[in-house]
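Below is the file structure.cif, which contains mmCIF, C-alpha atoms and all ligand atoms.
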```cif
data_data
loop_
_atom_site.label_atom_id
_atom_site.label_comp_id
_atom_site.auth_asym_id
_atom_site.auth_seq_id
_atom_site.Cartn_x
_atom_site.Cartn_y
_atom_site.Cartn_z
CA MET A 20 59.83 139.77 121.10
CA MET A 21 57.53 141.93 119.09
CA ASN A 22 55.21 144.41 120.73
CA ASN A 23 52.24 142.28 121.79
CA LEU A 24 49.78 144.43 119.97
CA THR A 25 51.57 144.49 116.64
CA LYS A 26 49.87 142.47 113.99
CA ALA A 27 52.24 141.40 111.25
CA ILE A 28 50.25 140.27 108.25
CA MET A 29 51.98 138.53 105.39
CA ILE A 30 50.00 139.10 102.21
CA GLY A 31 50.98 136.00 100.43
CA VAL A 32 50.42 133.08 98.27
CA PHE A 33 53.38 131.66 96.45
CA LYS A 34 51.66 132.58 93.22
CA GLY A 35 52.16 135.57 90.96
CA GLY A 36 49.82 138.29 89.78
CA VAL A 37 46.92 137.77 92.16
CA GLY A 38 46.82 141.25 93.69
CA LYS A 39 49.29 140.94 96.59
CA THR A 40 51.10 144.23 95.98
CA THR A 41 47.89 146.08 95.13
CA THR A 42 46.44 144.89 98.43
CA ALA A 43 49.57 145.67 100.45
CA ILE A 44 49.75 149.23 99.15
CA ASN A 45 46.06 150.09 99.31
CA LEU A 46 45.14 148.25 102.49
CA GLY A 47 48.25 149.84 104.03
CA HIS A 48 47.17 153.34 103.05
CA ALA A 49 43.56 152.68 104.04
CA LEU A 50 44.68 151.63 107.54
CA ALA A 51 46.98 154.67 107.74
CA LEU A 52 44.05 156.94 106.78
CA GLN A 53 42.15 155.38 109.70
CA LYS A 54 44.92 156.66 111.98
CA LYS A 55 46.76 153.37 112.37
CA ASN A 56 50.53 153.37 112.30
CA VAL A 57 51.47 151.08 109.44
CA LEU A 58 54.75 149.62 108.21
CA LEU A 59 54.91 147.92 104.84
CA ILE A 60 57.84 145.55 104.36
CA ASP A 61 58.60 144.90 100.71
CA LEU A 62 60.07 141.40 100.42
CA ASP A 63 59.82 141.22 96.64
CA PRO A 64 63.02 141.63 94.58
CA GLN A 65 60.79 143.22 91.92
CA GLY A 66 60.28 146.12 94.36
CA ASN A 67 56.77 146.77 93.07
CA ALA A 68 55.40 148.04 96.37
CA THR A 69 58.45 150.26 96.79
CA ARG A 70 57.95 151.75 93.33
CA GLY A 71 54.19 151.90 93.71
CA LEU A 72 54.62 154.09 96.76
CA GLY A 73 56.95 156.37 94.83
CA TYR A 74 60.00 155.50 96.95
CA GLU A 75 63.40 156.00 95.35
CA VAL A 76 66.04 153.40 96.13
CA THR A 77 69.67 154.17 95.27
CA GLU A 78 72.73 152.00 95.86
CA LEU A 79 73.15 153.65 99.24
CA THR A 80 69.59 153.17 100.46
CA PRO A 81 69.20 150.57 103.22
CA THR A 82 66.77 147.92 102.04
CA VAL A 83 65.37 144.62 103.22
CA TYR A 84 68.55 143.10 101.75
CA THR A 85 70.96 145.14 103.89
CA VAL A 86 68.71 144.59 106.90
CA MET A 87 68.59 140.81 106.51
CA LYS A 88 72.35 140.72 105.93
CA GLY A 89 72.93 142.74 109.11
CA ILE A 90 74.60 145.53 107.12
CA SER A 91 72.06 148.09 108.32
CA GLY A 92 69.62 148.21 111.21
CA ALA A 93 65.90 147.72 110.57
CA GLN A 94 65.01 151.10 112.04
CA GLU A 95 67.32 153.06 109.74
CA SER A 96 65.92 151.31 106.68
CA ILE A 97 62.37 152.42 107.39
CA GLY A 98 61.25 155.53 105.54
CA GLN A 99 58.01 157.48 105.80
CA VAL A 100 55.96 157.48 102.59
CA LYS A 101 52.64 159.00 103.71
CA GLU A 102 51.12 160.20 106.94
CA ASN A 103 51.14 157.14 109.26
CA LEU A 104 52.56 154.92 106.51
CA TYR A 105 56.16 153.68 106.51
CA LEU A 106 58.13 151.45 104.18
CA MET A 107 61.08 149.08 104.38
CA PRO A 108 62.00 149.06 100.68
CA SER A 109 63.28 146.36 98.39
CA ASN A 110 65.04 146.18 95.08
CA ARG A 111 66.64 143.46 92.99
CA THR A 112 69.47 142.92 95.49
CA THR A 113 66.88 141.12 97.66
CA ALA A 114 67.17 138.21 95.22
CA LEU A 115 70.82 137.73 96.27
CA LEU A 116 69.64 136.60 99.69
CA GLU A 117 68.59 133.26 98.19
CA THR A 118 72.20 132.23 97.63
CA GLU A 119 73.86 134.37 100.28
CA LEU A 120 71.70 133.06 103.13
CA ALA A 121 71.42 129.50 101.81
CA SER A 122 74.17 128.00 103.93
CA GLU A 123 73.66 130.12 107.04
CA VAL A 124 72.40 128.63 110.26
CA GLY A 125 69.09 130.16 111.26
CA ARG A 126 68.65 131.62 107.80
CA GLU A 127 64.85 131.53 108.14
CA LYS A 128 64.97 133.89 111.10
CA ALA A 129 67.09 136.73 109.67
CA LEU A 130 64.13 139.10 109.32
CA ALA A 131 62.59 138.26 112.70
CA ARG A 132 65.98 138.81 114.36
CA ALA A 133 66.50 142.12 112.59
CA MET A 134 63.01 143.36 113.50
CA LYS A 135 63.51 142.91 117.24
CA GLY A 136 63.24 146.28 118.86
CA VAL A 137 61.21 147.84 116.06
CA GLU A 138 58.15 149.12 117.89
CA GLY A 139 55.27 151.48 117.58
CA PHE A 140 53.43 150.03 114.59
CA ASP A 141 49.83 148.90 114.86
CA TYR A 142 50.07 146.91 111.65
CA ILE A 143 52.99 145.53 109.70
CA LEU A 144 52.09 144.32 106.20
CA LEU A 145 54.49 142.16 104.22
CA ASP A 146 54.34 142.10 100.44
CA CYS A 147 56.12 139.13 98.95
CA GLY A 148 57.11 137.96 95.52
CA PRO A 149 56.06 134.63 94.08
CA GLY A 150 57.69 131.35 95.09
CA SER A 151 58.58 129.64 98.36
CA THR A 152 61.89 131.48 98.58
CA ILE A 153 64.07 131.88 101.66
CA VAL A 154 62.95 135.51 101.81
CA ASN A 155 59.28 134.50 101.80
CA VAL A 156 59.91 131.87 104.47
CA ASN A 157 61.53 134.65 106.53
CA GLY A 158 58.32 136.63 106.07
CA LEU A 159 56.28 133.71 107.30
CA VAL A 160 58.49 133.21 110.37
CA PHE A 161 58.20 136.89 111.30
CA SER A 162 54.45 137.27 110.65
CA THR A 163 51.68 136.61 113.13
CA ASP A 164 49.09 136.14 110.39
CA VAL A 165 48.83 135.25 106.73
CA LEU A 166 46.19 136.79 104.51
CA MET A 167 45.68 135.17 101.13
CA PRO A 168 44.72 137.18 98.09
CA ILE A 169 42.77 134.99 95.69
CA GLU A 170 42.06 135.98 92.15
CA ILE A 171 38.91 134.42 90.83
CA GLY A 172 39.86 132.00 88.10
CA VAL A 173 39.78 128.36 87.24
CA ASP A 174 42.85 127.39 89.25
CA SER A 175 42.41 129.87 92.09
CA VAL A 176 40.91 127.31 94.44
CA GLU A 177 43.71 124.80 93.86
CA GLY A 178 46.32 127.49 94.52
CA VAL A 179 44.72 128.11 97.91
CA ASP A 180 44.96 124.49 99.01
CA ASP A 181 48.56 124.25 97.79
CA PHE A 182 49.55 127.35 99.71
CA ILE A 183 47.86 126.26 102.93
CA LYS A 184 49.64 122.90 102.72
CA ALA A 185 53.00 124.56 102.05
CA LYS A 186 52.48 127.05 104.87
CA ASP A 187 51.57 124.29 107.33
CA ALA A 188 54.58 122.21 106.28
CA ILE A 189 56.96 125.16 106.78
CA CYS A 190 55.42 126.06 110.15
CA GLN A 191 55.68 122.48 111.34
CA LYS A 192 59.26 122.07 110.21
CA LEU A 193 60.41 125.33 111.78
CA GLU A 194 58.14 124.91 114.83
CA ILE A 195 56.50 128.27 114.41
CA GLU A 196 52.91 129.35 114.51
CA THR A 197 51.65 131.68 111.85
CA ARG A 198 47.93 131.95 111.82
CA LEU A 199 45.89 131.71 108.64
CA MET A 200 43.92 134.93 108.96
CA GLY A 201 41.70 134.48 105.93
CA ALA A 202 41.36 135.58 102.35
CA VAL A 203 40.73 138.56 100.16
CA MET A 204 39.09 137.86 96.84
CA THR A 205 40.55 140.21 94.23
CA LYS A 206 39.28 141.24 90.79
CA VAL A 207 35.74 140.26 91.68
CA ASP A 208 33.39 140.71 88.72
CA ARG A 209 29.86 139.65 89.50
CA ARG A 210 28.85 139.69 85.83
CA LEU A 211 30.95 136.59 85.18
CA THR A 212 29.12 133.32 85.58
CA LEU A 213 31.77 131.52 87.63
CA THR A 214 32.06 134.32 90.16
CA GLU A 215 29.19 133.41 92.49
CA THR A 216 30.17 129.74 92.54
CA ILE A 217 33.80 130.46 93.39
CA LEU A 218 32.89 133.11 95.95
CA SER A 219 30.55 130.80 97.80
CA HIS A 220 33.06 127.94 97.67
CA CYS A 221 35.85 130.15 99.05
CA SER A 222 33.78 131.86 101.70
CA ALA A 223 32.75 128.40 102.92
CA SER A 224 36.33 127.15 103.11
CA PHE A 225 37.35 130.26 105.09
CA GLU A 226 34.38 130.09 107.45
CA GLY A 227 35.10 131.77 110.76
CA LYS A 228 38.09 133.55 109.25
CA PHE A 229 38.57 136.97 107.75
CA PHE A 230 37.02 137.30 104.30
CA ALA A 231 37.02 140.37 102.07
CA GLN A 232 36.19 141.18 98.45
CA ILE A 233 37.72 143.74 96.11
CA ARG A 234 35.90 144.35 92.86
CA THR A 235 37.64 144.64 89.52
CA ASP A 236 38.64 148.24 88.97
CA THR A 237 41.07 149.41 86.29
CA ASN A 238 41.78 152.51 88.42
CA LEU A 239 44.05 150.27 90.52
CA GLY A 240 46.36 149.76 87.55
CA HIS A 241 46.27 153.45 86.65
CA ALA A 242 47.09 154.42 90.24
CA ARG A 243 50.13 152.12 90.17
CA GLY A 244 51.24 153.72 86.91
CA HIS A 245 51.16 157.09 88.66
CA ARG A 246 52.91 155.66 91.73
CA GLN A 247 49.91 156.59 93.81
CA THR A 248 47.60 154.69 96.07
CA ILE A 249 43.97 154.43 95.03
CA PHE A 250 43.10 157.05 97.67
CA GLU A 251 45.41 159.58 96.01
CA TYR A 252 44.50 158.62 92.47
CA ASP A 253 40.70 158.42 92.80
CA SER A 254 39.22 158.35 96.28
CA ARG A 255 35.71 157.96 94.86
CA SER A 256 36.48 154.81 92.89
CA ARG A 257 35.04 151.36 93.58
CA ALA A 258 38.45 150.11 94.64
CA ALA A 259 38.89 152.96 97.13
CA GLU A 260 35.50 152.08 98.60
CA ASP A 261 36.41 148.39 98.82
CA TYR A 262 39.87 148.86 100.37
CA LYS A 263 38.44 151.36 102.87
CA GLN A 264 35.81 148.81 103.87
CA MET A 265 38.48 146.12 104.06
CA ALA A 266 40.58 148.23 106.45
CA THR A 267 37.55 148.78 108.69
CA ASP A 268 36.90 145.04 108.67
CA VAL A 269 40.56 144.21 109.42
CA ILE A 270 40.49 146.51 112.47
CA LYS A 271 37.23 144.95 113.66
CA TRP A 272 38.54 141.44 113.04
CA PHE A 273 41.61 141.93 115.20
CA ARG A 274 39.53 143.46 117.97
CA LYS A 275 37.44 140.32 118.00
CA SER A 276 40.09 137.69 117.41
CA LYS A 277 42.83 139.19 119.62
CA ALA A 278 46.30 139.73 118.22
CA TYR A 279 49.09 137.69 119.67
CA GLY A 280 52.78 138.45 119.95
CA LYS A 281 55.56 136.31 118.59
N1 LIG A 301 40.82 144.55 91.96
C1 LIG A 301 41.53 144.68 90.83
N2 LIG A 301 40.93 145.10 89.69
C2 LIG A 301 41.63 145.24 88.55
N3 LIG A 301 42.94 144.99 88.43
C3 LIG A 301 43.60 144.60 89.53
C4 LIG A 301 42.95 144.42 90.79
N4 LIG A 301 43.88 143.99 91.70
C5 LIG A 301 45.04 143.93 91.03
N5 LIG A 301 44.90 144.28 89.74
C6 LIG A 301 45.94 144.31 88.68
O1 LIG A 301 46.45 142.99 88.51
C7 LIG A 301 47.84 143.03 88.25
C8 LIG A 301 48.59 142.20 89.27
O2 LIG A 301 48.39 142.77 90.55
P1 LIG A 301 49.55 142.82 91.63
O3 LIG A 301 50.78 143.41 91.07
O4 LIG A 301 48.98 143.45 92.84
O5 LIG A 301 49.75 141.27 91.87
P2 LIG A 301 50.89 140.51 92.69
O6 LIG A 301 50.25 139.32 93.30
O7 LIG A 301 51.57 141.46 93.60
O8 LIG A 301 51.91 140.07 91.54
P3 LIG A 301 53.43 139.58 91.69
O9 LIG A 301 53.34 138.15 92.06
O10 LIG A 301 54.02 139.82 90.33
O11 LIG A 301 54.06 140.39 92.76
C9 LIG A 301 48.24 144.49 88.26
O12 LIG A 301 48.26 144.96 86.95
C10 LIG A 301 47.12 145.18 89.05
O13 LIG A 301 46.91 146.52 88.67
MG MG A 302 53.60 141.93 93.81
#
```
Kindly return the structure encoded in the file as structure tokens.
Ligand SMILES: Nc1ncnc2c1ncn2[C@@H]1O[C@H](COP(=O)(O)OP(=O)(O)OP(=O)(O)O)[C@@H](O)[C@H]1O
Ligand SMILES: [Mg+2]
Amino acid sequence: MMNNLTKAIMIGVFKGGVGKTTTAINLGHALALQKKNVLLIDLDPQGNATRGLGYEVTELTPTVYTVMKGISGAQESIGQVKENLYLMPSNRTTALLETELASEVGREKALARAMKGVEGFDYILLDCGPGSTIVNVNGLVFSTDVLMPIEIGVDSVEGVDDFIKAKDAICQKLEIETRLMGAVMTKVDRRLTLTETILSHCSASFEGKFFAQIRTDTNLGHARGHRQTIFEYDSRSRAAEDYKQMATDVIKWFRKSKAYGK
């Protein structure tokens, strides 16, 4: 049983390149800067969040792979990366879990089982790779909430419906409840003609849920290149402003909507 007040937010759609990792890293740091204790779990075999936070993984480092295999404890795999910000890292070995866990009973619950007893975090953010992999399903089982990053584009709206359907099907099959928290629109450029239409469509379909917007800002890519968060790279940038606002809104949203334990 997780600490009742811990909110575990999976930042996911089963789609690539929409701003999941960028959001996990920068929302994570923004919450940490607002004095919240934050753990980021990197579930992606690409290890982009791990690298983006400047964390070095060697063959001996405990990762989400060793944790989910029961080779190392969750607590010992968690490293501090900034003040108030902690990371459970990932590297390409995480991909092995797809075959190694495939025939195990209760394979969808390996992460939730391993995380029992990990306490003291206000927010746990999960960054996942694309695809409805066993590892991502583990993320969904463990999380209390799912936040969907949506990149504005022609097929962005379809991707949303597909993901919500897939999420509901998984939850039903496994008899778990993972709440759809809402969406964050990424790479928002108001000069483009489609933007307003898509924004109003999406905000309507997420009515009553959390809804945030992050404007297009090339500083986000530069920050990643330097293995820094946007707050380290350029705290006066648009993206820093937007992720700071998003963190404030996330805190407010959970105050209002009440977190629940799992
Ligand atoms: N608001 C933004 N403005 C400009 N570029 C952005 C923004 N958000 C993300 N990007 C860029 O878009 C690219 C993809 O972002 P990111 O890596 O966060 O996506 P992802 O969903 O994690 O992808 P993957 O599925 O490969 O893990 C990166 O180059 C990132 O720098
Ligand atoms: Mg990513």
Report as CSV the residues of chain A within 8 Å of ligand LIG 301 (chain A), each with its shortest atom pair and distance in Å (one decimal), using only C-alpha atoms and all ligand atoms, ordered by chain and increasing residue number.
```
residue,atom,partner,partner_atom,distance
A:Gly31,CA,A:LIG301,O6,7.9
A:Val32,CA,A:LIG301,O6,8.0
A:Phe33,CA,A:LIG301,O9,7.8
A:Lys34,CA,A:LIG301,O9,5.9
A:Gly35,CA,A:LIG301,O9,3.0
A:Gly36,CA,A:LIG301,O8,3.3
A:Val37,CA,A:LIG301,O6,3.8
A:Gly38,CA,A:LIG301,O4,3.2
A:Lys39,CA,A:LIG301,O6,3.8
A:Thr40,CA,A:LIG301,O7,3.7
A:Thr41,CA,A:LIG301,O4,3.7
A:Thr42,CA,A:LIG301,O4,6.3
A:Ala43,CA,A:LIG301,O4,7.9
A:Asp63,CA,A:LIG301,O11,7.0
A:Gln65,CA,A:LIG301,O11,7.3
A:Asn67,CA,A:LIG301,O11,6.9
A:Asp146,CA,A:LIG301,O7,7.4
A:Cys147,CA,A:LIG301,O11,6.6
A:Gly148,CA,A:LIG301,O11,4.8
A:Pro149,CA,A:LIG301,O9,4.9
A:Pro168,CA,A:LIG301,O6,7.6
A:Thr205,CA,A:LIG301,N1,4.9
A:Lys206,CA,A:LIG301,N1,3.8
A:Val207,CA,A:LIG301,N1,6.7
A:Ile233,CA,A:LIG301,N1,5.2
A:Arg234,CA,A:LIG301,N1,5.0
A:Thr235,CA,A:LIG301,N2,3.3
A:Asp236,CA,A:LIG301,N2,4.0
A:Thr237,CA,A:LIG301,C2,4.8
A:Asn238,CA,A:LIG301,C2,7.3
A:Leu239,CA,A:LIG301,O13,5.1
A:Gly240,CA,A:LIG301,O13,3.5
A:His241,CA,A:LIG301,O13,7.2
A:Arg243,CA,A:LIG301,O13,6.6
A:Ala258,CA,A:LIG301,N1,6.6
```
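Each of A:Asp181, A:Glu95, A:Gly150, A:Ala27 was checked against ligand MG 302 (chain A) using only C-alpha atoms and all ligand atoms; the smallest atom-to-atom distance is that of A:Gly150.
Remark: for ligand MG 302 (chain A), the closest of the candidate residues A:Cys190, A:Leu145, A:Leu50, A:Met200 is A:Leu145 (distances computed over only C-alpha atoms and all ligand atoms).
Look at Val86 of chain A: the protein and nucleic acid residues within 9 Å of it, using all atoms listed in the file and passing over chain neighbours fewer than 6 places away, are Gly92, Ala93, Ser96, Ala129, Leu130, Ala133 and Met134 of chain A.
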Near-Glu123 of chain A list (12 Å; all atoms listed in the file; drop same-chain fewer than 6 positions) as number ranges by chain: A: 87-88, 116-117, 129, 153
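The space between atom CA of Lys271 of chain A and atom CA of Phe229 of chain A spans 10.0 Å.
The shortest atom-to-atom distance to Gly172 of chain A, with only C-alpha atoms taken into account, belongs to A:Asp208 out of A:Thr118, A:Val269, A:Gln264, A:Asp208.
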Give me, as a ChimeraX atom specification, all polymer residues having an atom no more than 8 Å from Met265 of chain A, counting all atoms listed in the file and skipping those fewer than 6 positions away in the same chain. /A:46,231-232
If you keep C-alpha atoms, can you produce a file of those selected residues as a compact mmCIF listing (two decimals), in the frame of the given file?
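Contents of the output file result-v4.txt:
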```txt
# COMPACT_ATOMS: atom_id res chain seq x y z
CA LEU A 46 45.14 148.25 102.49
CA ALA A 231 37.02 140.37 102.07
CA GLN A 232 36.19 141.18 98.45
```
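Taking atom CA of Leu213 of chain A and atom CA of Arg198 of chain A as the two end points, the separation is 29.1 Å.
For the choices A:Arg246, A:Lys263, A:Gly178, A:Arg274, the atom-to-atom distance to Thr69 of chain A is smallest for A:Arg246 when using all atoms listed in the file.
Near Ser162 of chain A, within a cut-off of 9 Å and counting only C-alpha atoms, sit the residues A:Lys26, A:Ala27, A:Ile28, A:Met29, A:Ala131, A:Ile143, A:Leu144, A:Leu145, A:Asn157, A:Gly158, A:Glu196, A:Thr197, A:Arg198, A:Lys281, with same-chain residues fewer than 4 positions away left out.
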